[in-house]
Amino acid sequence: MFRRTLSVIATVVALAAAGSVAQASAADAAPLPGARVLDVMSFNIHHAQGTDDVLDLRRIARVVRESGADVVGLQEVDNHYSDRSEWADQSAALAEALGYHVVFGANIDNAPPAPGGHRVQYGTAILSRYPITASENTWLFKSPDQEQRGLLHATIDVHGRKVEFYNTHLSASSQTDRLAQAGQVVELIGTTKPGILVGDFNALPTAPESQPLQKAYTDAWARSPHPRGDGATHPSEAPAKRIDVIYTNRGATPLVTRVVHTDPAASDHLPLLSKVLVTR
């Protein structure tokens, strides 16, 4: 079985690199009995405000749709947050536009500005082409002067196979917090179940705070063949930093990973997309 798995992986990588499976709905092209192939994305959407200062959720939806992503981890998502995003429930609006399932994790969660109103929330979301059967959001370590961050977890049913998908957004301004948060993320996820972790880690893969993740999991970009580029996603219109990362653990193998350049003005980050083979 091990040799067959290696052979299958090599075949799928070759096909993906040639573009033959780039637009395939992943699970329908599963190369092993019980295996699933998923196109997964990490996308910091900057509450849908682009580098042109235009607020446009439709533009974000279009980038996701054209990528063919099956599961997407979104960071910097507003939920009735303020007039900067027109008080919209952004994750629900994107799910409706795409026809996807969705869960939202509120890391900022404040009382309604008026009685009977919506709570003021900001955080992360997971969009999925396939049903989400369970979800939870866990708040991560926070220094007193820092913004709350979290780890959003969704169990996704891909034609009968459970896939554990995680999404996070680590501290932007505190290395101390990122060090603690990265360690927490590894403890929360573990290494026993097939899982995929995406996020904006606000640190290069070589940074000290990235090492718990680099040691525990497979960095999809580092593992995949790359025809061009260095994996940088930020800032979107002149990317210089590889801070948006897709990780996998045992039972999930990244095949081909690429930065999505469909519309660099849509956000201040470019999306990262990886084709992942889940075999356990």
# chains A, B, ... in the order shown; residues from 1 in each chain; ligands from 1

call {"tool": "residues_around", "arguments": {"residues": "Leu98 (chain A)", "least_positions_apart": "4", "cutoff": "10 Å", "atoms": "only C-alpha atoms", "output": "list in words"}}
result
Arg58, Ala61, Arg62, Val64, Arg65, Ala92, Ala93, Leu94, Leu127, Ser128 and Arg129 of chain A

call {"tool": "write_last_selection", "arguments": {"atoms": "N, CA, C and O atoms", "output": "PDB file, in the first residue's frame"}}
result
ATOM      1  N   ARG A  58     -18.111  40.971  -3.283  1.00  0.00           N
ATOM      2  CA  ARG A  58     -18.290  40.219  -4.523  1.00  0.00           C
ATOM      3  C   ARG A  58     -16.954  39.903  -5.163  1.00  0.00           C
ATOM      4  O   ARG A  58     -16.776  38.849  -5.771  1.00  0.00           O
ATOM      5  N   ALA A  61     -15.531  36.947  -3.324  1.00  0.00           N
ATOM      6  CA  ALA A  61     -16.223  35.732  -3.759  1.00  0.00           C
ATOM      7  C   ALA A  61     -15.745  35.287  -5.132  1.00  0.00           C
ATOM      8  O   ALA A  61     -15.573  34.087  -5.389  1.00  0.00           O
ATOM      9  N   ARG A  62     -15.515  36.239  -6.009  1.00  0.00           N
ATOM     10  CA  ARG A  62     -15.058  35.895  -7.356  1.00  0.00           C
ATOM     11  C   ARG A  62     -13.675  35.256  -7.337  1.00  0.00           C
ATOM     12  O   ARG A  62     -13.420  34.276  -8.053  1.00  0.00           O
ATOM     13  N   VAL A  64     -12.349  33.508  -4.902  1.00  0.00           N
ATOM     14  CA  VAL A  64     -12.513  32.144  -4.380  1.00  0.00           C
ATOM     15  C   VAL A  64     -13.122  31.238  -5.433  1.00  0.00           C
ATOM     16  O   VAL A  64     -12.640  30.120  -5.680  1.00  0.00           O
ATOM     17  N   ARG A  65     -14.177  31.699  -6.077  1.00  0.00           N
ATOM     18  CA  ARG A  65     -14.873  30.880  -7.069  1.00  0.00           C
ATOM     19  C   ARG A  65     -13.948  30.498  -8.218  1.00  0.00           C
ATOM     20  O   ARG A  65     -13.886  29.329  -8.624  1.00  0.00           O
ATOM     21  N   ALA A  92     -21.376  34.965   6.170  1.00  0.00           N
ATOM     22  CA  ALA A  92     -22.657  34.462   5.674  1.00  0.00           C
ATOM     23  C   ALA A  92     -22.918  34.949   4.254  1.00  0.00           C
ATOM     24  O   ALA A  92     -23.423  34.202   3.403  1.00  0.00           O
ATOM     25  N   ALA A  93     -22.568  36.201   3.975  1.00  0.00           N
ATOM     26  CA  ALA A  93     -22.771  36.740   2.633  1.00  0.00           C
ATOM     27  C   ALA A  93     -21.898  36.016   1.610  1.00  0.00           C
ATOM     28  O   ALA A  93     -22.348  35.719   0.489  1.00  0.00           O
ATOM     29  N   LEU A  94     -20.658  35.716   1.969  1.00  0.00           N
ATOM     30  CA  LEU A  94     -19.775  34.986   1.055  1.00  0.00           C
ATOM     31  C   LEU A  94     -20.276  33.568   0.833  1.00  0.00           C
ATOM     32  O   LEU A  94     -20.250  33.059  -0.297  1.00  0.00           O
ATOM     33  N   LEU A 127     -15.101  28.455   4.932  1.00  0.00           N
ATOM     34  CA  LEU A 127     -16.079  28.166   3.886  1.00  0.00           C
ATOM     35  C   LEU A 127     -15.788  26.779   3.332  1.00  0.00           C
ATOM     36  O   LEU A 127     -14.618  26.438   3.099  1.00  0.00           O
ATOM     37  N   SER A 128     -16.820  25.989   3.083  1.00  0.00           N
ATOM     38  CA  SER A 128     -16.604  24.637   2.586  1.00  0.00           C
ATOM     39  C   SER A 128     -17.652  24.244   1.553  1.00  0.00           C
ATOM     40  O   SER A 128     -18.849  24.445   1.768  1.00  0.00           O
ATOM     41  N   ARG A 129     -17.160  23.658   0.481  1.00  0.00           N
ATOM     42  CA  ARG A 129     -18.065  23.101  -0.532  1.00  0.00           C
ATOM     43  C   ARG A 129     -18.847  21.917   0.050  1.00  0.00           C
ATOM     44  O   ARG A 129     -19.952  21.599  -0.395  1.00  0.00           O
TER      45      ARG A 129
END

call {"tool": "select_by_dssp", "arguments": {"residues": "region 172-206 of chain A", "states": "alpha helix (DSSP H)", "output": "PyMOL selection string"}}
result
chain A and resi 175-189

call {"tool": "closest_atom_pairs", "arguments": {"of": "region 209-254 of chain A", "to": "region 35-49 of chain A", "cutoff": "10 Å", "atoms": "only C-alpha atoms", "output": "Markdown table"}}
result
| residue | atom | partner | partner_atom | distance |
| --- | --- | --- | --- | --- |
| A:Thr233 | CA | A:Phe43 | CA | 9.5 |
| A:His234 | CA | A:Asn44 | CA | 9.8 |
| A:Asp244 | CA | A:Ser42 | CA | 6.9 |
| A:Val245 | CA | A:Ser42 | CA | 7.3 |
| A:Ile246 | CA | A:Ser42 | CA | 7.0 |
| A:Gly251 | CA | A:Ala35 | CA | 9.7 |
| A:Ala252 | CA | A:Val37 | CA | 9.2 |
| A:Thr253 | CA | A:Val37 | CA | 9.3 |
| A:Pro254 | CA | A:Val37 | CA | 9.5 |

call {"tool": "residues_around", "arguments": {"residues": "Asp89 (chain A)", "least_positions_apart": "4", "cutoff": "10 Å", "atoms": "only C-alpha atoms", "output": "tab-separated table (two decimals) with all heavy atoms, in the first residue's frame"}}
result
chain	number	residue	atom	x	y	z
A	77	VAL	N	-12.28	38.84	9.13
A	77	VAL	CA	-13.67	38.81	8.67
A	77	VAL	C	-14.54	39.58	9.66
A	77	VAL	O	-14.50	39.34	10.87
A	77	VAL	CB	-14.18	37.36	8.55
A	77	VAL	CG1	-15.60	37.33	8.00
A	77	VAL	CG2	-13.23	36.52	7.70
A	78	ASP	N	-15.34	40.51	9.17
A	78	ASP	CA	-16.26	41.28	10.00
A	78	ASP	C	-17.63	40.62	10.07
A	78	ASP	O	-18.12	40.07	9.07
A	78	ASP	CB	-16.44	42.70	9.42
A	78	ASP	CG	-15.27	43.62	9.74
A	78	ASP	OD1	-14.32	43.18	10.40
A	78	ASP	OD2	-15.32	44.78	9.30
A	79	ASN	N	-18.25	40.72	11.24
A	79	ASN	CA	-19.62	40.25	11.42
A	79	ASN	C	-20.38	41.33	12.19
A	79	ASN	O	-20.27	41.42	13.41
A	79	ASN	CB	-19.64	38.92	12.18
A	79	ASN	CG	-21.05	38.37	12.37
A	79	ASN	OD1	-21.98	38.79	11.70
A	79	ASN	ND2	-21.20	37.45	13.30
A	80	HIS	N	-21.12	42.17	11.44
A	80	HIS	CA	-21.83	43.30	12.04
A	80	HIS	C	-20.85	44.15	12.86
A	80	HIS	O	-21.20	44.62	13.95
A	80	HIS	CB	-22.98	42.81	12.92
A	80	HIS	CG	-23.91	41.86	12.25
A	80	HIS	ND1	-24.69	42.24	11.17
A	80	HIS	CD2	-24.17	40.54	12.47
A	80	HIS	CE1	-25.41	41.19	10.77
A	80	HIS	NE2	-25.11	40.16	11.53
A	81	TYR	N	-19.66	44.36	12.32
A	81	TYR	CA	-18.59	44.98	13.11
A	81	TYR	C	-18.70	46.50	13.18
A	81	TYR	O	-18.61	47.09	14.24
A	81	TYR	CB	-17.23	44.57	12.54
A	81	TYR	CG	-16.06	45.05	13.37
A	81	TYR	CD1	-15.74	44.42	14.57
A	81	TYR	CD2	-15.29	46.13	12.97
A	81	TYR	CE1	-14.69	44.85	15.35
A	81	TYR	CE2	-14.23	46.58	13.75
A	81	TYR	CZ	-13.94	45.93	14.93
A	81	TYR	OH	-12.89	46.37	15.70
A	85	SER	N	-17.47	48.03	7.14
A	85	SER	CA	-17.92	46.92	6.30
A	85	SER	C	-19.43	46.90	6.17
A	85	SER	O	-20.04	45.86	5.93
A	85	SER	CB	-17.41	45.59	6.85
A	85	SER	OG	-17.68	45.47	8.23
A	93	ALA	N	-22.57	36.20	3.97
A	93	ALA	CA	-22.77	36.74	2.63
A	93	ALA	C	-21.90	36.02	1.61
A	93	ALA	O	-22.35	35.72	0.49
A	93	ALA	CB	-22.46	38.24	2.63
A	94	LEU	N	-20.66	35.72	1.97
A	94	LEU	CA	-19.78	34.99	1.05
A	94	LEU	C	-20.28	33.57	0.83
A	94	LEU	O	-20.25	33.06	-0.30
A	94	LEU	CB	-18.35	34.97	1.60
A	94	LEU	CG	-17.59	36.29	1.51
A	94	LEU	CD1	-16.31	36.25	2.33
A	94	LEU	CD2	-17.28	36.63	0.05
A	104	PHE	N	-18.16	30.61	11.53
A	104	PHE	CA	-17.45	31.84	11.87
A	104	PHE	C	-16.92	31.73	13.30
A	104	PHE	O	-17.61	31.22	14.18
A	104	PHE	CB	-18.40	33.04	11.75
A	104	PHE	CG	-17.81	34.35	12.21
A	104	PHE	CD1	-16.89	35.02	11.42
A	104	PHE	CD2	-18.17	34.90	13.43
A	104	PHE	CE1	-16.33	36.23	11.84
A	104	PHE	CE2	-17.63	36.10	13.86
A	104	PHE	CZ	-16.70	36.76	13.06
A	118	HIS	N	-27.29	43.27	16.66
A	118	HIS	CA	-26.34	42.17	16.52
A	118	HIS	C	-25.09	42.44	17.36
A	118	HIS	O	-24.70	43.59	17.58
A	118	HIS	CB	-25.90	42.04	15.05
A	118	HIS	CG	-27.01	41.66	14.12
A	118	HIS	ND1	-27.51	40.37	14.04
A	118	HIS	CD2	-27.70	42.39	13.20
A	118	HIS	CE1	-28.46	40.32	13.12
A	118	HIS	NE2	-28.60	41.53	12.60
A	120	VAL	N	-21.20	42.74	17.98
A	120	VAL	CA	-20.13	43.30	17.16
A	120	VAL	C	-18.96	42.32	17.17
A	120	VAL	O	-18.32	42.12	18.21
A	120	VAL	CB	-19.70	44.68	17.71
A	120	VAL	CG1	-18.50	45.21	16.95
A	120	VAL	CG2	-20.87	45.65	17.63
A	121	GLN	N	-18.69	41.69	16.02
A	121	GLN	CA	-17.72	40.60	16.00
A	121	GLN	C	-16.73	40.72	14.84
A	121	GLN	O	-17.03	41.29	13.78
A	121	GLN	CB	-18.45	39.25	15.88
A	121	GLN	CG	-19.36	38.96	17.07
A	121	GLN	CD	-20.12	37.66	16.90
A	121	GLN	OE1	-20.51	37.28	15.80
A	121	GLN	NE2	-20.33	36.95	18.02
A	122	TYR	N	-15.56	40.14	15.09
A	122	TYR	CA	-14.48	40.15	14.11
A	122	TYR	C	-13.65	38.90	14.35
A	122	TYR	O	-13.38	38.54	15.50
A	122	TYR	CB	-13.63	41.40	14.30
A	122	TYR	CG	-12.31	41.45	13.55
A	122	TYR	CD1	-12.25	41.84	12.22
A	122	TYR	CD2	-11.11	41.14	14.21
A	122	TYR	CE1	-11.03	41.93	11.56
A	122	TYR	CE2	-9.89	41.25	13.55
A	122	TYR	CZ	-9.86	41.63	12.22
A	122	TYR	OH	-8.65	41.72	11.57

call {"tool": "closest_residue", "arguments": {"among": "A:Tyr130, A:Asn249, A:Ser174, A:Glu209", "to": "Gly190 (chain A)", "atoms": "only C-alpha atoms"}}
result
A:Asn249

call {"tool": "residues_around", "arguments": {"residues": "Pro131 (chain A)", "least_positions_apart": "5", "cutoff": "7 Å", "atoms": "only C-alpha atoms", "output": "list in words"}}
result
His101, Ile156 and Asp157 of chain A

call {"tool": "write_last_selection", "arguments": {"atoms": "C-alpha atoms", "output": "PDB file, in the first residue's frame"}}
result
ATOM      1  CA  HIS A 101     -21.277  25.932   4.049  1.00  0.00           C
ATOM      2  CA  ILE A 156     -15.838  18.488   7.148  1.00  0.00           C
ATOM      3  CA  ASP A 157     -17.638  15.501   5.621  1.00  0.00           C
TER       4      ASP A 157
END

call {"tool": "atom_distance", "arguments": {"atom1": "CA of Gly34 (chain A)", "atom2": "CA of Thr279 (chain A)"}}
result
6.9 Å

call {"tool": "atom_distance", "arguments": {"atom1": "CA of Thr138 (chain A)", "atom2": "CA of Leu188 (chain A)"}}
result
8.9 Å

call {"tool": "atom_distance", "arguments": {"atom1": "CA of Gln146 (chain A)", "atom2": "CA of Gly123 (chain A)"}}
result
14.2 Å

call {"tool": "residues_around", "arguments": {"residues": "Thr51 (chain A)", "least_positions_apart": "4", "cutoff": "10 Å", "atoms": "only C-alpha atoms", "output": "mmCIF file with C-alpha atoms, in the first residue's frame"}}
result
data_model
loop_
_atom_site.group_PDB
_atom_site.id
_atom_site.type_symbol
_atom_site.label_atom_id
_atom_site.label_comp_id
_atom_site.auth_asym_id
_atom_site.auth_seq_id
_atom_site.Cartn_x
_atom_site.Cartn_y
_atom_site.Cartn_z
ATOM 1 C CA HIS A 46 -8.932 42.530 5.111
ATOM 2 C CA LEU A 55 -15.168 47.574 -0.100
ATOM 3 C CA PRO A 235 1.646 42.895 0.491
ATOM 4 C CA SER A 236 -0.544 41.736 -2.358
ATOM 5 C CA GLU A 237 0.545 44.146 -5.073
ATOM 6 C CA PRO A 264 -4.200 41.565 -6.266
ATOM 7 C CA ALA A 265 -6.340 44.614 -5.445
ATOM 8 C CA ALA A 266 -9.029 42.515 -3.719
ATOM 9 C CA SER A 267 -7.148 42.496 -0.374
ATOM 10 C CA ASP A 268 -3.764 43.390 1.045
ATOM 11 C CA HIS A 269 -2.912 39.647 1.023
#

call {"tool": "closest_residue", "arguments": {"among": "A:Leu273, A:Asp263, A:Gln184, A:Glu164", "to": "Leu140 (chain A)", "atoms": "only C-alpha atoms"}}
result
A:Gln184

call {"tool": "select_by_dssp", "arguments": {"residues": "region 13-184 of chain A", "states": "strand (DSSP E)", "output": "mmCIF file with C-alpha atoms, in the first residue's frame"}}
result
data_model
loop_
_atom_site.group_PDB
_atom_site.id
_atom_site.type_symbol
_atom_site.label_atom_id
_atom_site.label_comp_id
_atom_site.auth_asym_id
_atom_site.auth_seq_id
_atom_site.Cartn_x
_atom_site.Cartn_y
_atom_site.Cartn_z
ATOM 1 C CA ARG A 36 -9.921 12.503 -1.009
ATOM 2 C CA VAL A 37 -8.193 15.321 -2.860
ATOM 3 C CA LEU A 38 -9.089 18.820 -1.690
ATOM 4 C CA ASP A 39 -8.175 22.242 -3.017
ATOM 5 C CA VAL A 40 -7.678 24.287 0.156
ATOM 6 C CA MET A 41 -7.096 28.015 0.432
ATOM 7 C CA SER A 42 -5.903 30.522 3.006
ATOM 8 C CA PHE A 43 -7.062 34.086 2.355
ATOM 9 C CA ASN A 44 -6.749 37.150 4.565
ATOM 10 C CA VAL A 71 -12.354 24.668 1.571
ATOM 11 C CA VAL A 72 -11.220 28.185 2.484
ATOM 12 C CA GLY A 73 -9.853 29.639 5.698
ATOM 13 C CA LEU A 74 -10.585 33.378 5.821
ATOM 14 C CA GLN A 75 -8.935 35.827 8.185
ATOM 15 C CA GLU A 76 -9.954 39.395 9.105
ATOM 16 C CA VAL A 77 -13.671 38.810 8.675
ATOM 17 C CA ASP A 78 -16.262 41.283 10.000
ATOM 18 C CA ASN A 79 -19.624 40.250 11.420
ATOM 19 C CA HIS A 101 -21.277 25.932 4.049
ATOM 20 C CA VAL A 102 -19.737 28.283 6.615
ATOM 21 C CA VAL A 103 -18.674 28.644 10.238
ATOM 22 C CA PHE A 104 -17.449 31.838 11.868
ATOM 23 C CA GLY A 105 -15.127 32.251 14.836
ATOM 24 C CA ALA A 106 -15.513 35.509 16.771
ATOM 25 C CA ASN A 107 -12.269 36.627 18.394
ATOM 26 C CA ILE A 108 -13.554 40.122 19.053
ATOM 27 C CA ASP A 109 -17.073 39.744 20.443
ATOM 28 C CA ASN A 110 -18.696 42.862 21.872
ATOM 29 C CA VAL A 120 -20.129 43.303 17.156
ATOM 30 C CA GLN A 121 -17.723 40.598 15.998
ATOM 31 C CA TYR A 122 -14.479 40.146 14.105
ATOM 32 C CA GLY A 123 -12.455 37.005 13.492
ATOM 33 C CA THR A 124 -12.003 34.098 11.126
ATOM 34 C CA ALA A 125 -14.258 31.910 9.010
ATOM 35 C CA ILE A 126 -14.205 28.605 7.163
ATOM 36 C CA LEU A 127 -16.079 28.166 3.886
ATOM 37 C CA SER A 128 -16.604 24.637 2.586
ATOM 38 C CA ILE A 132 -19.466 21.002 8.082
ATOM 39 C CA THR A 133 -20.555 18.541 10.773
ATOM 40 C CA ALA A 134 -18.943 20.174 13.817
ATOM 41 C CA SER A 135 -17.009 23.300 14.690
ATOM 42 C CA GLU A 136 -15.451 25.197 17.585
ATOM 43 C CA ASN A 137 -13.400 28.330 18.078
ATOM 44 C CA THR A 138 -10.725 28.391 20.787
ATOM 45 C CA TRP A 139 -9.224 31.652 21.968
ATOM 46 C CA GLY A 150 -8.211 32.170 17.980
ATOM 47 C CA LEU A 151 -8.067 28.754 16.335
ATOM 48 C CA LEU A 152 -11.214 27.878 14.373
ATOM 49 C CA HIS A 153 -11.766 24.153 13.821
ATOM 50 C CA ALA A 154 -14.270 22.537 11.454
ATOM 51 C CA THR A 155 -14.919 18.857 10.813
ATOM 52 C CA ILE A 156 -15.838 18.488 7.148
ATOM 53 C CA ASP A 157 -17.638 15.501 5.621
ATOM 54 C CA VAL A 158 -16.103 14.902 2.188
ATOM 55 C CA ARG A 161 -14.488 10.951 4.918
ATOM 56 C CA LYS A 162 -13.986 13.270 7.886
ATOM 57 C CA VAL A 163 -11.368 15.961 7.328
ATOM 58 C CA GLU A 164 -10.253 18.181 10.213
ATOM 59 C CA PHE A 165 -9.663 21.739 8.997
ATOM 60 C CA TYR A 166 -8.174 24.534 11.109
ATOM 61 C CA ASN A 167 -7.826 28.260 10.517
ATOM 62 C CA THR A 168 -5.914 30.829 12.547
ATOM 63 C CA HIS A 169 -4.543 34.370 12.514
#

call {"tool": "closest_residue", "arguments": {"among": "A:Ala114, A:Ala88, A:Leu170, A:Ala216", "to": "Arg250 (chain A)", "atoms": "only C-alpha atoms"}}
result
A:Ala216

call {"tool": "residues_around", "arguments": {"residues": "Asp219 (chain A)", "least_positions_apart": "4", "cutoff": "7 Å", "atoms": "only C-alpha atoms", "output": "VMD selection string"}}
result
chain A and resid 214 223 246 to 248

call {"tool": "write_last_selection", "arguments": {"atoms": "N, CA, C and O atoms", "output": "JSON list (two decimals), in the first residue's frame"}}
result
[["chain", "number", "residue", "atom", "x", "y", "z"],
["A", 214, "GLN", "N", 6.55, 24.32, 12.12],
["A", 214, "GLN", "CA", 7.42, 23.73, 11.12],
["A", 214, "GLN", "C", 7.88, 22.33, 11.54],
["A", 214, "GLN", "O", 8.05, 21.44, 10.70],
["A", 223, "ARG", "N", 7.03, 21.86, 0.47],
["A", 223, "ARG", "CA", 6.95, 20.47, 0.00],
["A", 223, "ARG", "C", 6.62, 20.37, -1.48],
["A", 223, "ARG", "O", 7.00, 19.42, -2.15],
["A", 246, "ILE", "N", 0.00, 27.13, 4.50],
["A", 246, "ILE", "CA", -0.86, 25.96, 4.62],
["A", 246, "ILE", "C", 0.00, 24.82, 5.16],
["A", 246, "ILE", "O", 1.06, 24.52, 4.60],
["A", 247, "TYR", "N", -0.45, 24.22, 6.27],
["A", 247, "TYR", "CA", 0.25, 23.09, 6.88],
["A", 247, "TYR", "C", -0.63, 21.84, 6.81],
["A", 247, "TYR", "O", -1.86, 21.93, 6.88],
["A", 248, "THR", "N", 0.01, 20.68, 6.74],
["A", 248, "THR", "CA", -0.72, 19.41, 6.82],
["A", 248, "THR", "C", -0.03, 18.52, 7.85],
["A", 248, "THR", "O", 1.16, 18.67, 8.12]]
